[in-house]
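Before any comments, here is the structure.
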Amino acid sequence: MTDQIPPTDAVLRRLAWPLRLTRAGMFAERAVRAFWPVWTILLLAIAVFAFGAADALPLEVLWVALVLILASLIWFTVKGLRGFRLPTREAALDRLDRTLPGRPITALIDTPAVGGDDPASRAVWEAHVARMAIRAATARAPEPDLRISDRDPYGLRFIAATAFAMALVFGAIWRVGDVGDGVVGAGEASISGPSWEGWVEPPLYTGLPSLYLNDITREEFEAPAGSRITMRFYGEVGALRLRQSVMAPPAGETNDTAAPAQDLILERSGEIAVEGTNGRSWQIVMLHDQPPAVVLDGEMTGIPPGQMQFTYTATDDYAVISGQARLMLNADAADRRFGLAVEPEPREALVLDLPMPFAGSRAEFSELLVEDLSQHPFANLPVTLTLTVVDDAGQIGTIRETIDRLPGRRFFDPLANAIIEQRRDILWSRENAPRAAQILRAISHRPDGAFDDDGAYLMVRTAIRRLEAAVDSISVETRDQVAEILWNAAIELEEGDLADALERLRRAQDRLAEAMRQGASDEEIAQLMDELRQAMDDYMQQLAENAQPGEDQPDGGETMEMSMADLNEMLRRIEELMQQGRMAEAQEMLDALRQMMENMQITQGEGGDGPQTPGEQAMQDLQDTLRDQQSLSDDSFQELQEQFNPGRPNPQQGPQGQQSQQGPGQPGQQGQPGQGGQNGEPGEQAQDGQGGPQSGQPGQQPGTEQGEGRGGEGDGRSLAQRQEDLRRQLQEQALDLPGEGTEGGEAARQALDDAERAMDEAAEALGRGDLADALDSQSEAMEALREGMGELGRALAQESGTEEPGQGQADGTAPPDRPLQDPLGRQAGNAGAFGSEEGFEQREEAFRRARELLDEIRRRSAEQDRPEVELEYLRRLLDQF
């Protein structure tokens, strides 16, 4: 059975609602276009009067404004009525029909002009009408076009709507009624009687809302001190009067109690009364603003190597806005012996700003203050700490605490400790300058075996000359310069450049023994134990690198084999004994450890004397390249610091500009027996006539020239030349890379190509002196190198069939029963660098160090006196972390 096409009338009836909606939309369009000025003027006028324009304008100006508003409304209303036309049904049908393809509604109400009697023509027409009926049934009312930008190009309607919304939120919409009082004037207002209004506005910092006195029916209420009370009287002047006892009148002045506008400040509890018709009175209880309070949570503690920290808690009834910590020397509590026997010179207090929370309430909070005061004259001396906090009302809360010792850096090298003691005495009083010069001259008289660093010795001799150059008394500037020189010398001796791993190990053991003798804190002991572990790791690695394959072991005598786990157990036991206070036993075990480490030899494992496979050789070459790139990156960063901060002390750099820490894989570049300066020449001699340490003496480190190639290999090459050499070296290694044709080998080659490209960009940046961009490219190169080494290790493991794909050894050459190990017996990491990826028990310590590094980067980035280039580099580091 064929479908029945709905008749034309039925389709038109279905269009009734779309037609009504279309007609309503057309009505809205025409109304908006015709009357938009009317409602714009109305909204703007309401907003203006809601904000009190009727009270602020003189009566004449108010009349003129009202007349203009009324005339404008009449004009635009008449103009709108003349141009407004109601939409007809036919216009609505036409609008709806134009939204459909083919104008189907027109076809439904149309008739054929010719061929009406022809059956064939009529059949065609009926078929066409049937199709149009189906199409018309899908009609939907079009959205009205309410845009009138062509009529209101300046957006006045939006301005009026915004002002009206602000009046609803922030204004007093009922104040529009004040227009009537202003229009009728005082004479007619007296007919209905006088009126009044009042508000109580608390201070902004309290965050409390305003009070409308007309709405307060109770006889007593509370308000904060300093609240502003505003009263307004309307009607005949003198009909209403204000009586108050909350504010004392200014000296020599009398208040006009009948003035139409009066403002008061709440200074005390009292009464406010409106006397007259419809009068009212209130008792106001003033809420006093309590002063803030601050307490010190716990004790001031130290963070090795030299930071101090303490936590404080501040409270206030509203908010604390600022605070300071004031440190003063407590000379009476000091050990007044030796250089402290004389009276100290007066010094200004050290003032530190207390950290405030960035977000949240400041009514009660706790914050941590961390500062490095190691170089301040008060460091390691008793001080008086005064904490002060201030609230918005200007009230102050303070406490005072006595600190037995202001935490600062402690030196465990005996010579460095002696130098720091003389520095302390000079800063205590300049009267100690002759005594300090004499002691410094005594400890530097025979430098052999005492000074391990030429730079430190020369700095001490320079300080002696400056102290002895003054006839009567050294100046403040000279004192501060000498203190800076002695500090740098002590740092060099405490953390100085010891190229030999055994000497570094001995130094770490000596410092730990000195810490036991001085009774160091647990934090300082923990830091020294970390340094001892690191020195032990370096020594073991150097022994492994120096051990020759096939080397004969000594015959005869007793030998003992110890693993790294055994050594770590000894260290743990030493630390445990120190924490228990059993220092004698800890010292004995430390001496035994020292003896064992000096007599230790590294034995070669099975197969260690065989030739390296191509995979092992390639992995070793890439490891060397990665270490060299890391060393070059460190030198570039130090060069960036020195370029923009020539006067800023750098604990990793000696006074002569030489690098004070050797990079991995470069042991003994300085200070080796028989090694001269940068070009093989003897170092610079002391010039004070006292016979300083000579270059080439045993245990002394020759001076180096300052300039290009600083901190590198000592051959005078610039940073750009060293970077280019590394790029060429990597290019040659990539040509002979094993694993060709495998997926892992191709991935390794792609990663090395990326590393070579990054090295090339770093060399170009170094050539033009852009160290910040060079550091970014160097970091990218190291990351690509690590990725390439990992891919190469997995490719070689799959090729040899020793492990499942994706789980190969670091270089893919170790058999399953003998995994690749580093010189300390640990399994090598998958990235190709020696390390441990199995049961790493000290991860928490590594994370702590990472956090300390991040905090140091943040601290430096907050110092706005640093050059913009360095700050930009530090910000990029923070973005990566």
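Chain labels run A, B, ... following the order of the structure tokens; each chain numbers its residues from 1, and ligands are numbered from 1 in the order shown.
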
Polymer residues at most 10 Å from Ala139 of chain A, only C-alpha atoms, same-chain spacing of 6 or more positions, as a PDB file with N, CA and C atoms, in the first residue's frame:
```
ATOM      1  N   ARG A  14       0.632  22.123  11.145  1.00  0.00           N
ATOM      2  CA  ARG A  14       1.820  21.721  11.892  1.00  0.00           C
ATOM      3  C   ARG A  14       2.834  22.868  12.022  1.00  0.00           C
ATOM      4  N   LEU A  15       2.743  23.819  11.105  1.00  0.00           N
ATOM      5  CA  LEU A  15       3.672  24.950  11.145  1.00  0.00           C
ATOM      6  C   LEU A  15       3.196  26.063  12.063  1.00  0.00           C
ATOM      7  N   PRO A  18       6.108  26.818  14.922  1.00  0.00           N
ATOM      8  CA  PRO A  18       7.263  27.501  14.311  1.00  0.00           C
ATOM      9  C   PRO A  18       6.910  28.882  13.787  1.00  0.00           C
ATOM     10  N   LEU A  19       5.680  29.034  13.276  1.00  0.00           N
ATOM     11  CA  LEU A  19       5.279  30.336  12.773  1.00  0.00           C
ATOM     12  C   LEU A  19       5.139  31.342  13.907  1.00  0.00           C
ATOM     13  N   LEU A  96      10.054  32.211   7.630  1.00  0.00           N
ATOM     14  CA  LEU A  96      10.206  30.780   7.863  1.00  0.00           C
ATOM     15  C   LEU A  96      10.473  30.037   6.561  1.00  0.00           C
ATOM     16  N   ASP A  97       9.804  30.471   5.478  1.00  0.00           N
ATOM     17  CA  ASP A  97       9.958  29.788   4.189  1.00  0.00           C
ATOM     18  C   ASP A  97      11.367  29.970   3.643  1.00  0.00           C
ATOM     19  N   THR A  99      14.050  29.987   5.219  1.00  0.00           N
ATOM     20  CA  THR A  99      15.035  29.133   5.909  1.00  0.00           C
ATOM     21  C   THR A  99      15.067  27.724   5.338  1.00  0.00           C
ATOM     22  N   LEU A 100      14.102  27.371   4.435  1.00  0.00           N
ATOM     23  CA  LEU A 100      14.031  26.030   3.886  1.00  0.00           C
ATOM     24  C   LEU A 100      14.451  26.053   2.422  1.00  0.00           C
ATOM     25  N   PRO A 104       9.409  25.690   0.233  1.00  0.00           N
ATOM     26  CA  PRO A 104       8.283  24.737   0.145  1.00  0.00           C
ATOM     27  C   PRO A 104       6.960  25.346   0.599  1.00  0.00           C
ATOM     28  N   ILE A 105       6.968  26.271   1.574  1.00  0.00           N
ATOM     29  CA  ILE A 105       5.697  26.839   2.055  1.00  0.00           C
ATOM     30  C   ILE A 105       5.030  27.620   0.935  1.00  0.00           C
TER      31      ILE A 105
END
```

Exercise: Arg511 of chain A partners within 6 Å, only C-alpha atoms, chain neighbours under 2 positions left out, as a ChimeraX atom specification: /A:412-413,508-509,513-514

Next, write the just-selected residues to a file, as a PDB file, in the first residue's frame, keeping all heavy atoms as the atom set.
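File result-v3.pdb, as written:
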```pdb
ATOM      1  N   PHE A 412      86.469  21.354  59.738  1.00  0.00           N
ATOM      2  CA  PHE A 412      87.061  20.204  60.404  1.00  0.00           C
ATOM      3  C   PHE A 412      88.490  19.942  59.936  1.00  0.00           C
ATOM      4  O   PHE A 412      89.130  19.040  60.458  1.00  0.00           O
ATOM      5  CB  PHE A 412      86.186  18.977  60.174  1.00  0.00           C
ATOM      6  CG  PHE A 412      84.791  19.158  60.684  1.00  0.00           C
ATOM      7  CD1 PHE A 412      83.715  19.267  59.809  1.00  0.00           C
ATOM      8  CD2 PHE A 412      84.533  19.262  62.030  1.00  0.00           C
ATOM      9  CE1 PHE A 412      82.433  19.446  60.277  1.00  0.00           C
ATOM     10  CE2 PHE A 412      83.251  19.442  62.510  1.00  0.00           C
ATOM     11  CZ  PHE A 412      82.201  19.533  61.634  1.00  0.00           C
ATOM     12  N   ASP A 413      88.970  20.691  58.958  1.00  0.00           N
ATOM     13  CA  ASP A 413      90.382  20.653  58.631  1.00  0.00           C
ATOM     14  C   ASP A 413      91.115  21.519  59.657  1.00  0.00           C
ATOM     15  O   ASP A 413      90.770  22.691  59.844  1.00  0.00           O
ATOM     16  CB  ASP A 413      90.622  21.183  57.219  1.00  0.00           C
ATOM     17  CG  ASP A 413      92.082  21.128  56.825  1.00  0.00           C
ATOM     18  OD1 ASP A 413      92.509  20.104  56.289  1.00  0.00           O
ATOM     19  OD2 ASP A 413      92.798  22.126  57.076  1.00  0.00           O
ATOM     20  N   ALA A 508      88.949  13.037  53.939  1.00  0.00           N
ATOM     21  CA  ALA A 508      87.616  12.767  54.478  1.00  0.00           C
ATOM     22  C   ALA A 508      87.709  12.073  55.831  1.00  0.00           C
ATOM     23  O   ALA A 508      86.941  12.373  56.761  1.00  0.00           O
ATOM     24  CB  ALA A 508      86.811  11.919  53.497  1.00  0.00           C
ATOM     25  N   GLN A 509      88.657  11.142  55.979  1.00  0.00           N
ATOM     26  CA  GLN A 509      88.822  10.460  57.271  1.00  0.00           C
ATOM     27  C   GLN A 509      89.325  11.418  58.335  1.00  0.00           C
ATOM     28  O   GLN A 509      88.875  11.383  59.488  1.00  0.00           O
ATOM     29  CB  GLN A 509      89.787   9.287  57.094  1.00  0.00           C
ATOM     30  CG  GLN A 509      89.229   8.164  56.231  1.00  0.00           C
ATOM     31  CD  GLN A 509      90.272   7.132  55.861  1.00  0.00           C
ATOM     32  OE1 GLN A 509      91.474   7.411  55.890  1.00  0.00           O
ATOM     33  NE2 GLN A 509      89.818   5.941  55.485  1.00  0.00           N
ATOM     34  N   ALA A 513      87.411  12.446  61.808  1.00  0.00           N
ATOM     35  CA  ALA A 513      88.037  12.332  63.121  1.00  0.00           C
ATOM     36  C   ALA A 513      88.012  13.651  63.868  1.00  0.00           C
ATOM     37  O   ALA A 513      87.755  13.714  65.083  1.00  0.00           O
ATOM     38  CB  ALA A 513      89.479  11.826  62.949  1.00  0.00           C
ATOM     39  N   GLU A 514      88.245  14.761  63.158  1.00  0.00           N
ATOM     40  CA  GLU A 514      88.188  16.076  63.801  1.00  0.00           C
ATOM     41  C   GLU A 514      86.771  16.407  64.255  1.00  0.00           C
ATOM     42  O   GLU A 514      86.563  17.030  65.306  1.00  0.00           O
ATOM     43  CB  GLU A 514      88.691  17.142  62.816  1.00  0.00           C
ATOM     44  CG  GLU A 514      88.728  18.560  63.374  1.00  0.00           C
ATOM     45  CD  GLU A 514      89.755  18.733  64.484  1.00  0.00           C
ATOM     46  OE1 GLU A 514      90.659  17.876  64.609  1.00  0.00           O
ATOM     47  OE2 GLU A 514      89.658  19.727  65.230  1.00  0.00           O
TER      48      GLU A 514
END
```

Residues within 8 Å of segment 768-776 of chain A, only C-alpha atoms, excluding chain neighbours under 4 positions, as a count of residues only: 13

Going by DSSP on the backbone, which bits of segment 357-558 of chain A are strand (DSSP E)? Write them as a PyMOL selection string, please. chain A and resi 364-372+383-391+396-403

Of the residues A:Arg103, A:Glu756, A:Asp591, A:Leu532, which is the one nearest to Gln629 of chain A, using only C-alpha atoms?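 Looking only at the distances to Gln629 of chain A, the closest residue turns out to be A:Glu756.
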